[in-house]
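Colleague: If it helps, the file is called start.pdb and holds PDB, C-alpha atoms, pLDDT in the B column:
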ATOM      1  CA  MET N 152     101.482 133.220  97.229  1.00 50.00           C
ATOM      2  CA  PHE N 153     105.189 133.100  98.012  1.00 44.00           C
ATOM      3  CA  THR N 154     106.299 129.458  98.348  1.00 45.00           C
ATOM      4  CA  PRO N 155     109.505 127.717  99.530  1.00 39.00           C
ATOM      5  CA  ASP N 156     110.179 126.706  95.912  1.00 37.00           C
ATOM      6  CA  MET N 157     110.018 130.328  94.856  1.00 36.00           C
ATOM      7  CA  LEU N 158     112.439 131.241  97.646  1.00 30.00           C
ATOM      8  CA  LEU N 159     114.869 128.538  96.588  1.00 33.00           C
ATOM      9  CA  ALA N 160     114.634 129.619  92.961  1.00 36.00           C
ATOM     10  CA  GLY N 161     115.322 133.211  93.952  1.00 37.00           C
ATOM     11  CA  MET N 162     118.302 132.204  96.059  1.00 34.00           C
ATOM     12  CA  ALA N 163     119.700 130.124  93.220  1.00 37.00           C
ATOM     13  CA  ALA N 164     119.322 133.005  90.763  1.00 41.00           C
ATOM     14  CA  ALA N 165     121.001 135.393  93.187  1.00 39.00           C
ATOM     15  CA  ALA N 166     123.908 132.989  93.692  1.00 41.00           C
ATOM     16  CA  TYR N 167     124.335 132.548  89.929  1.00 42.00           C
ATOM     17  CA  ALA N 168     124.387 136.332  89.425  1.00 47.00           C
ATOM     18  CA  ALA N 169     126.555 137.163  92.454  1.00 43.00           C
ATOM     19  CA  PRO N 170     129.858 137.305  90.509  1.00 48.00           C
ATOM     20  CA  ALA N 171     128.405 140.150  88.416  1.00 50.00           C
ATOM     21  CA  THR N 172     129.195 142.377  91.405  1.00 48.00           C
ATOM     22  CA  CYS N 173     132.870 142.067  90.447  1.00 49.00           C
ATOM     23  CA  ARG N 174     132.591 145.488  88.797  1.00 53.00           C
ATOM     24  CA  LEU N 175     131.994 147.015  92.221  1.00 49.00           C
ATOM     25  CA  PRO N 176     134.997 147.681  94.488  1.00 52.00           C
ATOM     26  CA  VAL N 177     133.983 145.124  97.106  1.00 41.00           C
ATOM     27  CA  GLY N 178     132.817 142.614  94.516  1.00 45.00           C
ATOM     28  CA  GLY N 179     136.064 142.842  92.594  1.00 43.00           C
ATOM     29  CA  HIS N 180     137.949 141.912  95.757  1.00 47.00           C
ATOM     30  CA  ILE N 181     135.635 139.000  96.556  1.00 50.00           C
ATOM     31  CA  TRP N 182     135.773 137.511  93.070  1.00 50.00           C
ATOM     32  CA  SER N 183     139.433 138.385  92.370  1.00 69.00           C
ATOM     33  CA  ALA N 184     138.683 140.476  89.296  1.00 85.00           C
ATOM     34  CA  VAL N 185     141.415 142.907  88.240  1.00 92.00           C
ATOM     35  CA  THR N 186     140.188 146.457  87.659  1.00 91.00           C
ATOM     36  CA  HIS N 187     143.413 148.265  88.543  1.00 90.00           C
ATOM     37  CA  ILE N 188     147.023 147.141  88.745  1.00 93.00           C
ATOM     38  CA  THR N 189     149.597 148.192  91.306  1.00 90.00           C
ATOM     39  CA  SER N 190     152.073 150.202  89.240  1.00 91.00           C
ATOM     40  CA  THR N 191     154.172 153.330  89.498  1.00 91.00           C
ATOM     41  CA  ASP N 192     154.882 154.079  85.864  1.00 94.00           C
ATOM     42  CA  SER N 193     152.416 152.588  83.402  1.00 95.00           C
ATOM     43  CA  VAL N 194     148.838 152.092  82.216  1.00 97.00           C
ATOM     44  CA  SER N 195     147.258 149.448  79.978  1.00 97.00           C
ATOM     45  CA  LEU N 196     145.248 150.013  76.827  1.00 98.00           C
ATOM     46  CA  THR N 197     142.812 147.186  76.127  1.00 98.00           C
ATOM     47  CA  PHE N 198     140.660 146.553  73.068  1.00 98.00           C
ATOM     48  CA  ASP N 199     137.544 144.362  73.028  1.00 98.00           C
ATOM     49  CA  ASP N 200     135.362 142.679  70.389  1.00 98.00           C
ATOM     50  CA  GLY N 201     137.886 142.016  67.612  1.00 97.00           C
ATOM     51  CA  PRO N 202     139.625 141.074  65.539  1.00 98.00           C
ATOM     52  CA  ASP N 203     137.830 142.794  62.679  1.00 96.00           C
ATOM     53  CA  PHE N 204     138.641 144.376  59.337  1.00 94.00           C
ATOM     54  CA  ALA N 205     139.872 147.568  61.057  1.00 96.00           C
ATOM     55  CA  THR N 206     142.237 145.803  63.463  1.00 97.00           C
ATOM     56  CA  ASP N 207     145.172 146.230  61.072  1.00 97.00           C
ATOM     57  CA  LEU N 208     144.671 149.998  61.222  1.00 98.00           C
ATOM     58  CA  PHE N 209     144.838 149.878  65.022  1.00 98.00           C
ATOM     59  CA  LEU N 210     148.017 147.834  64.836  1.00 98.00           C
ATOM     60  CA  GLN N 211     149.558 150.418  62.520  1.00 98.00           C
ATOM     61  CA  GLU N 212     148.616 153.293  64.832  1.00 97.00           C
ATOM     62  CA  LEU N 213     149.932 151.486  67.902  1.00 98.00           C
ATOM     63  CA  GLU N 214     153.177 150.672  66.105  1.00 97.00           C
ATOM     64  CA  LYS N 215     153.560 154.315  65.121  1.00 97.00           C
ATOM     65  CA  ALA N 216     153.151 155.324  68.773  1.00 96.00           C
ATOM     66  CA  GLY N 217     155.440 152.566  70.047  1.00 96.00           C
ATOM     67  CA  VAL N 218     152.623 151.179  72.224  1.00 96.00           C
ATOM     68  CA  ARG N 219     151.817 147.583  73.121  1.00 97.00           C
ATOM     69  CA  ALA N 220     148.230 146.754  74.091  1.00 98.00           C
ATOM     70  CA  THR N 221     146.028 143.870  75.178  1.00 98.00           C
ATOM     71  CA  PHE N 222     143.286 142.628  72.834  1.00 98.00           C
ATOM     72  CA  PHE N 223     140.381 140.612  74.260  1.00 98.00           C
ATOM     73  CA  LEU N 224     139.187 138.537  71.328  1.00 98.00           C
ATOM     74  CA  ILE N 225     135.785 137.103  70.442  1.00 98.00           C
ATOM     75  CA  GLY N 226     135.866 133.518  69.202  1.00 98.00           C
ATOM     76  CA  GLU N 227     133.442 134.016  66.320  1.00 98.00           C
ATOM     77  CA  GLN N 228     135.452 137.032  65.200  1.00 98.00           C
ATOM     78  CA  VAL N 229     138.665 135.014  65.226  1.00 98.00           C
ATOM     79  CA  ALA N 230     136.918 132.296  63.210  1.00 97.00           C
ATOM     80  CA  ARG N 231     136.156 134.952  60.588  1.00 95.00           C
ATOM     81  CA  ASN N 232     139.567 136.643  60.785  1.00 93.00           C
ATOM     82  CA  PRO N 233     142.208 134.132  61.949  1.00 96.00           C
ATOM     83  CA  ASN N 234     145.016 135.916  60.112  1.00 96.00           C
ATOM     84  CA  GLN N 235     144.234 139.187  61.893  1.00 97.00           C
ATOM     85  CA  ALA N 236     144.282 137.419  65.242  1.00 98.00           C
ATOM     86  CA  ALA N 237     147.716 136.074  64.390  1.00 98.00           C
ATOM     87  CA  ALA N 238     148.825 139.557  63.261  1.00 98.00           C
ATOM     88  CA  ILE N 239     148.033 140.980  66.707  1.00 98.00           C
ATOM     89  CA  VAL N 240     150.509 138.604  68.316  1.00 98.00           C
ATOM     90  CA  GLN N 241     153.074 139.040  65.549  1.00 98.00           C
ATOM     91  CA  ALA N 242     152.988 142.798  66.189  1.00 98.00           C
ATOM     92  CA  GLY N 243     153.982 142.183  69.808  1.00 97.00           C
ATOM     93  CA  HIS N 244     150.630 142.642  71.480  1.00 98.00           C
ATOM     94  CA  GLU N 245     148.900 140.480  74.052  1.00 98.00           C
ATOM     95  CA  VAL N 246     145.661 138.538  73.535  1.00 98.00           C
ATOM     96  CA  GLY N 247     142.983 137.491  76.007  1.00 98.00           C
ATOM     97  CA  ILE N 248     139.576 135.856  75.647  1.00 98.00           C
ATOM     98  CA  HIS N 249     136.300 137.782  75.538  1.00 98.00           C
ATOM     99  CA  GLY N 250     134.014 134.823  74.854  1.00 97.00           C
ATOM    100  CA  TYR N 251     132.825 133.058  71.724  1.00 98.00           C
ATOM    101  CA  ARG N 252     129.841 135.323  71.141  1.00 96.00           C
ATOM    102  CA  HIS N 253     129.226 138.712  72.714  1.00 96.00           C
ATOM    103  CA  ARG N 254     126.459 137.541  75.032  1.00 94.00           C
ATOM    104  CA  ASN N 255     125.623 138.490  78.596  1.00 94.00           C
ATOM    105  CA  HIS N 256     126.521 135.440  80.679  1.00 93.00           C
ATOM    106  CA  LEU N 257     123.705 136.134  83.133  1.00 91.00           C
ATOM    107  CA  LEU N 258     121.261 135.563  80.280  1.00 92.00           C
ATOM    108  CA  THR N 259     122.992 132.402  79.070  1.00 92.00           C
ATOM    109  CA  SER N 260     122.671 128.922  80.510  1.00 94.00           C
ATOM    110  CA  PRO N 261     125.651 127.568  82.479  1.00 94.00           C
ATOM    111  CA  GLN N 262     126.262 124.770  79.976  1.00 96.00           C
ATOM    112  CA  VAL N 263     126.271 127.158  77.019  1.00 96.00           C
ATOM    113  CA  VAL N 264     128.646 129.505  78.865  1.00 96.00           C
ATOM    114  CA  ARG N 265     131.073 126.671  79.561  1.00 97.00           C
ATOM    115  CA  ASP N 266     130.853 125.261  76.036  1.00 97.00           C
ATOM    116  CA  GLU N 267     131.346 128.641  74.378  1.00 97.00           C
ATOM    117  CA  LEU N 268     134.333 129.565  76.540  1.00 98.00           C
ATOM    118  CA  HIS N 269     136.036 126.283  75.706  1.00 98.00           C
ATOM    119  CA  ARG N 270     135.210 126.739  72.028  1.00 98.00           C
ATOM    120  CA  ALA N 271     136.575 130.289  72.025  1.00 98.00           C
ATOM    121  CA  ARG N 272     139.727 129.185  73.804  1.00 98.00           C
ATOM    122  CA  ASP N 273     140.434 126.506  71.202  1.00 98.00           C
ATOM    123  CA  ILE N 274     139.850 128.845  68.266  1.00 98.00           C
ATOM    124  CA  ILE N 275     141.894 131.726  69.671  1.00 98.00           C
ATOM    125  CA  GLU N 276     144.820 129.603  70.812  1.00 98.00           C
ATOM    126  CA  SER N 277     144.913 127.824  67.451  1.00 98.00           C
ATOM    127  CA  ALA N 278     144.909 131.094  65.481  1.00 98.00           C
ATOM    128  CA  THR N 279     147.453 132.930  67.653  1.00 98.00           C
ATOM    129  CA  GLY N 280     149.689 130.122  68.858  1.00 97.00           C
ATOM    130  CA  ARG N 281     149.447 131.564  72.368  1.00 96.00           C
ATOM    131  CA  ARG N 282     148.046 129.996  75.495  1.00 96.00           C
ATOM    132  CA  LEU N 283     145.374 132.227  77.005  1.00 98.00           C
ATOM    133  CA  SER N 284     145.612 133.455  80.588  1.00 97.00           C
ATOM    134  CA  LEU N 285     143.423 136.595  80.635  1.00 98.00           C
ATOM    135  CA  PHE N 286     139.623 136.698  80.451  1.00 98.00           C
ATOM    136  CA  ARG N 287     137.176 139.571  80.195  1.00 97.00           C
ATOM    137  CA  PRO N 288     133.481 138.603  80.071  1.00 96.00           C
ATOM    138  CA  PRO N 289     131.193 140.413  77.610  1.00 95.00           C
ATOM    139  CA  TYR N 290     129.876 143.650  79.135  1.00 94.00           C
ATOM    140  CA  GLY N 291     132.179 142.958  82.086  1.00 93.00           C
ATOM    141  CA  VAL N 292     129.441 140.739  83.551  1.00 91.00           C
ATOM    142  CA  LEU N 293     130.407 137.440  85.151  1.00 91.00           C
ATOM    143  CA  SER N 294     128.040 134.632  86.035  1.00 91.00           C
ATOM    144  CA  TRP N 295     128.911 131.810  88.385  1.00 90.00           C
ATOM    145  CA  ALA N 296     129.436 129.578  85.327  1.00 93.00           C
ATOM    146  CA  SER N 297     131.880 131.942  83.643  1.00 93.00           C
ATOM    147  CA  LEU N 298     133.764 132.588  86.884  1.00 93.00           C
ATOM    148  CA  ALA N 299     134.032 128.874  87.670  1.00 94.00           C
ATOM    149  CA  THR N 300     135.197 128.106  84.132  1.00 96.00           C
ATOM    150  CA  ALA N 301     137.798 130.877  84.250  1.00 96.00           C
ATOM    151  CA  ARG N 302     139.149 129.611  87.554  1.00 94.00           C
ATOM    152  CA  ARG N 303     139.274 126.028  86.342  1.00 95.00           C
ATOM    153  CA  LEU N 304     141.211 127.059  83.235  1.00 96.00           C
ATOM    154  CA  GLY N 305     143.580 129.275  85.204  1.00 96.00           C
ATOM    155  CA  TRP N 306     142.466 132.572  83.681  1.00 97.00           C
ATOM    156  CA  THR N 307     142.761 135.923  85.422  1.00 96.00           C
ATOM    157  CA  VAL N 308     139.554 137.983  85.160  1.00 96.00           C
ATOM    158  CA  VAL N 309     140.447 141.460  83.878  1.00 96.00           C
ATOM    159  CA  LEU N 310     137.958 144.336  83.846  1.00 95.00           C
ATOM    160  CA  TRP N 311     138.798 148.049  83.684  1.00 96.00           C
ATOM    161  CA  ASN N 312     138.578 151.304  85.615  1.00 95.00           C
ATOM    162  CA  ARG N 313     138.589 153.756  82.693  1.00 96.00           C
ATOM    163  CA  CYS N 314     136.330 153.542  79.672  1.00 96.00           C
ATOM    164  CA  GLY N 315     136.075 155.636  76.516  1.00 97.00           C
ATOM    165  CA  HIS N 316     132.377 154.870  75.846  1.00 97.00           C
ATOM    166  CA  ASP N 317     133.543 154.556  72.267  1.00 97.00           C
ATOM    167  CA  TRP N 318     130.815 152.058  71.325  1.00 96.00           C
ATOM    168  CA  GLU N 319     128.083 154.671  71.697  1.00 95.00           C
ATOM    169  CA  MET N 320     126.357 156.378  68.814  1.00 95.00           C
ATOM    170  CA  GLY N 321     127.474 159.982  68.790  1.00 93.00           C
ATOM    171  CA  ALA N 322     130.896 159.310  70.292  1.00 97.00           C
ATOM    172  CA  THR N 323     133.751 161.412  68.920  1.00 97.00           C
ATOM    173  CA  PRO N 324     137.529 161.241  69.372  1.00 97.00           C
ATOM    174  CA  ARG N 325     137.283 164.141  71.829  1.00 97.00           C
ATOM    175  CA  SER N 326     134.421 162.594  73.799  1.00 98.00           C
ATOM    176  CA  ILE N 327     136.325 159.299  74.030  1.00 98.00           C
ATOM    177  CA  THR N 328     139.378 161.111  75.357  1.00 97.00           C
ATOM    178  CA  ALA N 329     137.235 163.063  77.817  1.00 97.00           C
ATOM    179  CA  HIS N 330     135.565 159.889  79.121  1.00 97.00           C
ATOM    180  CA  VAL N 331     138.943 158.246  79.677  1.00 97.00           C
ATOM    181  CA  GLY N 332     140.173 161.356  81.451  1.00 96.00           C
ATOM    182  CA  VAL N 333     143.714 161.542  82.782  1.00 94.00           C
ATOM    183  CA  PRO N 334     144.932 158.014  83.503  1.00 94.00           C
ATOM    184  CA  ARG N 335     147.027 157.245  86.557  1.00 95.00           C
ATOM    185  CA  ALA N 336     149.605 154.518  87.008  1.00 96.00           C
ATOM    186  CA  GLY N 337     147.984 151.090  87.090  1.00 96.00           C
ATOM    187  CA  ASP N 338     144.809 152.095  85.245  1.00 96.00           C
ATOM    188  CA  ILE N 339     143.212 149.775  82.693  1.00 97.00           C
ATOM    189  CA  VAL N 340     141.524 151.561  79.783  1.00 98.00           C
ATOM    190  CA  LEU N 341     138.680 149.932  77.850  1.00 98.00           C
ATOM    191  CA  LEU N 342     138.358 150.611  74.100  1.00 98.00           C
ATOM    192  CA  HIS N 343     137.095 148.666  71.063  1.00 98.00           C
ATOM    193  CA  ASP N 344     138.678 147.831  67.701  1.00 98.00           C
ATOM    194  CA  SER N 345     135.428 146.537  66.186  1.00 97.00           C
ATOM    195  CA  ASP N 346     131.910 147.873  65.743  1.00 97.00           C
ATOM    196  CA  ARG N 347     130.248 144.494  65.256  1.00 95.00           C
ATOM    197  CA  TYR N 348     128.497 144.752  68.627  1.00 96.00           C
ATOM    198  CA  SER N 349     128.232 148.546  68.866  1.00 95.00           C
ATOM    199  CA  ALA N 350     127.345 151.646  66.841  1.00 96.00           C
ATOM    200  CA  THR N 351     128.202 151.290  63.165  1.00 96.00           C
ATOM    201  CA  GLY N 352     131.504 152.959  62.349  1.00 96.00           C
ATOM    202  CA  SER N 353     132.368 153.581  66.004  1.00 97.00           C
ATOM    203  CA  TRP N 354     135.844 152.110  65.473  1.00 97.00           C
ATOM    204  CA  LYS N 355     136.755 155.160  63.373  1.00 97.00           C
ATOM    205  CA  ASN N 356     136.348 157.434  66.383  1.00 97.00           C
ATOM    206  CA  THR N 357     138.400 155.104  68.562  1.00 98.00           C
ATOM    207  CA  LEU N 358     141.187 154.977  65.996  1.00 98.00           C
ATOM    208  CA  SER N 359     141.250 158.778  65.754  1.00 98.00           C
ATOM    209  CA  ALA N 360     141.266 159.050  69.550  1.00 98.00           C
ATOM    210  CA  LEU N 361     144.374 156.899  69.958  1.00 97.00           C
ATOM    211  CA  PRO N 362     146.929 159.665  69.277  1.00 97.00           C
ATOM    212  CA  LEU N 363     145.081 161.937  71.704  1.00 97.00           C
ATOM    213  CA  LEU N 364     145.122 159.267  74.422  1.00 97.00           C
ATOM    214  CA  VAL N 365     148.800 158.544  73.869  1.00 96.00           C
ATOM    215  CA  GLU N 366     149.523 162.248  74.172  1.00 96.00           C
ATOM    216  CA  VAL N 367     147.676 162.433  77.497  1.00 96.00           C
ATOM    217  CA  VAL N 368     149.533 159.420  78.879  1.00 96.00           C
ATOM    218  CA  ASP N 369     152.884 160.790  77.676  1.00 95.00           C
ATOM    219  CA  SER N 370     152.139 164.113  79.372  1.00 95.00           C
ATOM    220  CA  ARG N 371     151.905 162.208  82.668  1.00 94.00           C
ATOM    221  CA  ASN N 372     155.305 160.590  82.053  1.00 95.00           C
ATOM    222  CA  LEU N 373     153.644 157.191  82.010  1.00 96.00           C
ATOM    223  CA  LYS N 374     154.257 154.223  79.738  1.00 95.00           C
ATOM    224  CA  MET N 375     151.715 151.966  78.057  1.00 95.00           C
ATOM    225  CA  LYS N 376     152.193 148.276  78.790  1.00 96.00           C
ATOM    226  CA  THR N 377     150.121 145.157  78.310  1.00 97.00           C
ATOM    227  CA  VAL N 378     148.002 143.913  81.189  1.00 97.00           C
ATOM    228  CA  GLY N 379     150.146 140.814  81.523  1.00 96.00           C
ATOM    229  CA  ASP N 380     153.344 142.849  81.631  1.00 94.00           C
ATOM    230  CA  GLN N 381     151.940 145.026  84.396  1.00 91.00           C
ATOM    231  CA  LEU N 382     150.682 142.049  86.386  1.00 92.00           C
ATOM    232  CA  LEU N 383     154.124 140.443  86.277  1.00 81.00           C
ATOM    233  CA  ARG N 384     155.625 143.556  87.840  1.00 73.00           C
ATOM    234  CA  GLN N 385     153.226 143.761  90.793  1.00 63.00           C
TER     235      GLN N 385
END
Could you render the structure from this file as structure tokens?

Modeller:
Amino acid sequence: MFTPDMLLAGMAAAAYAAPATCRLPVGGHIWSAVTHITSTDSVSLTFDDGPDFATDLFLQELEKAGVRATFFLIGEQVARNPNQAAAIVQAGHEVGIHGYRHRNHLLTSPQVVRDELHRARDIIESATGRRLSLFRPPYGVLSWASLATARRLGWTVVLWNRCGHDWEMGATPRSITAHVGVPRAGDIVLLHDSDRYSATGSWKNTLSALPLLVEVVDSRNLKMKTVGDQLLRQ
């Protein structure tokens, strides 16, 4: 039998999950999540899930291409690799927060979400010496707790509108490039510099895809800028 308590519980669950619609066009507008930036001349490369042992290789490749990117860092990864987190900033790149652990916030209690975001913030800011302003939730899924925490801390929620599917088993540099397609000005591209939460060795394909992606962007006479740099120019 359907009871008033069941109705209330369902309504509460729906309200808690409502921000997850931020990945949809209408939802992104309602919850003020950035999936695309108003720009005429540039795109943003973003990397999730690091830093990890391969991050230095990504920094070398980006330096070779003259590209600056945005890295959304995981707190537990920074705890393991604080020097690599610092190296990202020293190389001229931007850092944002991706959580403390790579957990779906809809499957995590509000208190744990809040505690882990604060913990990740402290660890990342301590390692990099930078105050965080950009937040991307794991899997791009917001809960009411993560959205409220982000707003309270003054973070901009940043998602993406192009994705290389580079975390998948069977991905190749060519498939990653094909999934990303031909970026347009203002696009935000999602990639990963770690395989800790994805297919083992997937970072190798992403690293090999970077020159191909840079070539595509160059062919469009576009530049690659950090998310924060693009947002400042809106």

Colleague: With the file shown as input, list the residues that the PyMOL selection byres ((chain N and resi 269-285) around 7) selects, as an NGL selection string.

Modeller: :N and (226 or 229-230 or 233 or 236-237 or 240 or 247-248 or 250-251 or 265-268 or 286-287 or 305-309)

Colleague: With distances taken over all atoms listed in the file, which residue among N:Lys376, N:Arg335, N:Trp295, N:Asn312 lies nearest N:Val185?

Modeller: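 For N:Val185, the nearest of the given residues is N:Asn312.
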
Colleague: Sorted by chain and rising residue number, list the residues of stretch 237-267 of chain N at most 8 Å from stretch 197-219 of chain N (counting all atoms listed in the file), each with its closest atom pair and distance in Å to one decimal, as CSV.

Modeller:
residue,atom,partner,partner_atom,distance
N:Ala238,CA,N:Asp207,CA,7.9
N:Ile239,CA,N:Leu210,CA,7.1
N:Ala242,CA,N:Leu210,CA,7.2
N:Gly243,CA,N:Arg219,CA,6.7
N:His244,CA,N:Arg219,CA,5.3
N:Glu245,CA,N:Arg219,CA,7.7
N:His249,CA,N:Asp199,CA,7.2
N:His253,CA,N:Asp200,CA,7.7

Colleague: Hey, can you spit out that residue selection with C-alpha atoms as an mmCIF file, keeping the file's coordinate frame?

Modeller:
data_model
loop_
_atom_site.group_PDB
_atom_site.id
_atom_site.type_symbol
_atom_site.label_atom_id
_atom_site.label_comp_id
_atom_site.auth_asym_id
_atom_site.auth_seq_id
_atom_site.Cartn_x
_atom_site.Cartn_y
_atom_site.Cartn_z
ATOM 1 C CA ALA N 238 148.825 139.557 63.261
ATOM 2 C CA ILE N 239 148.033 140.980 66.707
ATOM 3 C CA ALA N 242 152.988 142.798 66.189
ATOM 4 C CA GLY N 243 153.982 142.183 69.808
ATOM 5 C CA HIS N 244 150.630 142.642 71.480
ATOM 6 C CA GLU N 245 148.900 140.480 74.052
ATOM 7 C CA HIS N 249 136.300 137.782 75.538
ATOM 8 C CA HIS N 253 129.226 138.712 72.714
#

Colleague: Of the candidates N:Val292, N:Leu224, N:Ile188, N:Leu342, which shows the shortest atom-to-atom distance to N:Leu361, using all atoms listed in the file?

Modeller: N:Leu342

Colleague: Can you tell me how far atom CA of N:Ser193 sits from atom CA of N:Lys374, in Å to one decimal?

Modeller: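 So the two atoms, atom CA of N:Ser193 and atom CA of N:Lys374, lie 4.4 Å apart.
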
Colleague: So that I can see what lies close to N:Gly352, please list as a PyMOL selection string the residues with an atom at most 12 Å from it, counting all atoms listed in the file and leaving out residues fewer than 3 positions away in the same chain.

Modeller: chain N and resi 203-205+317-323+343-349+355-359

Colleague: Name the residues in contact with N:Thr191 at a cut-off of 9 Å, using only C-alpha atoms, excluding same-chain residues fewer than 3 positions from it; report them as a list in words.

Modeller: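 Result of the neighbour search: Arg335, Ala336, Gly337 and Leu373 of chain N.
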
Colleague: So the first atom is atom CA of N:Val333 and the second is atom CA of N:Thr351; what is the distance between them in Å, to one decimal place?

Modeller: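 Going from atom CA of N:Val333 over to atom CA of N:Thr351 covers 27.0 Å.
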
Colleague: Provide the atom CA of N:Gly291 to atom CA of N:Ile339 distance in Å, to one decimal place.

Modeller: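 Distance between the two atoms: 13.0 Å.
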
Colleague: Counting all atoms listed in the file, what is within 9 Å of N:Pro334, bar same-chain residues fewer than 3 positions away, as a ChimeraX atom specification?

Modeller: /N:194,313,331,337-340,367-368,371,373

Colleague: Please write as a ChimeraX atom specification the list of polymer residues whose atoms come within 10 Å of (151.9, 142.6, 78.4), counting all atoms listed in the file and keeping to the coordinates of the file.

Modeller: /N:195,219-221,243-246,375-383
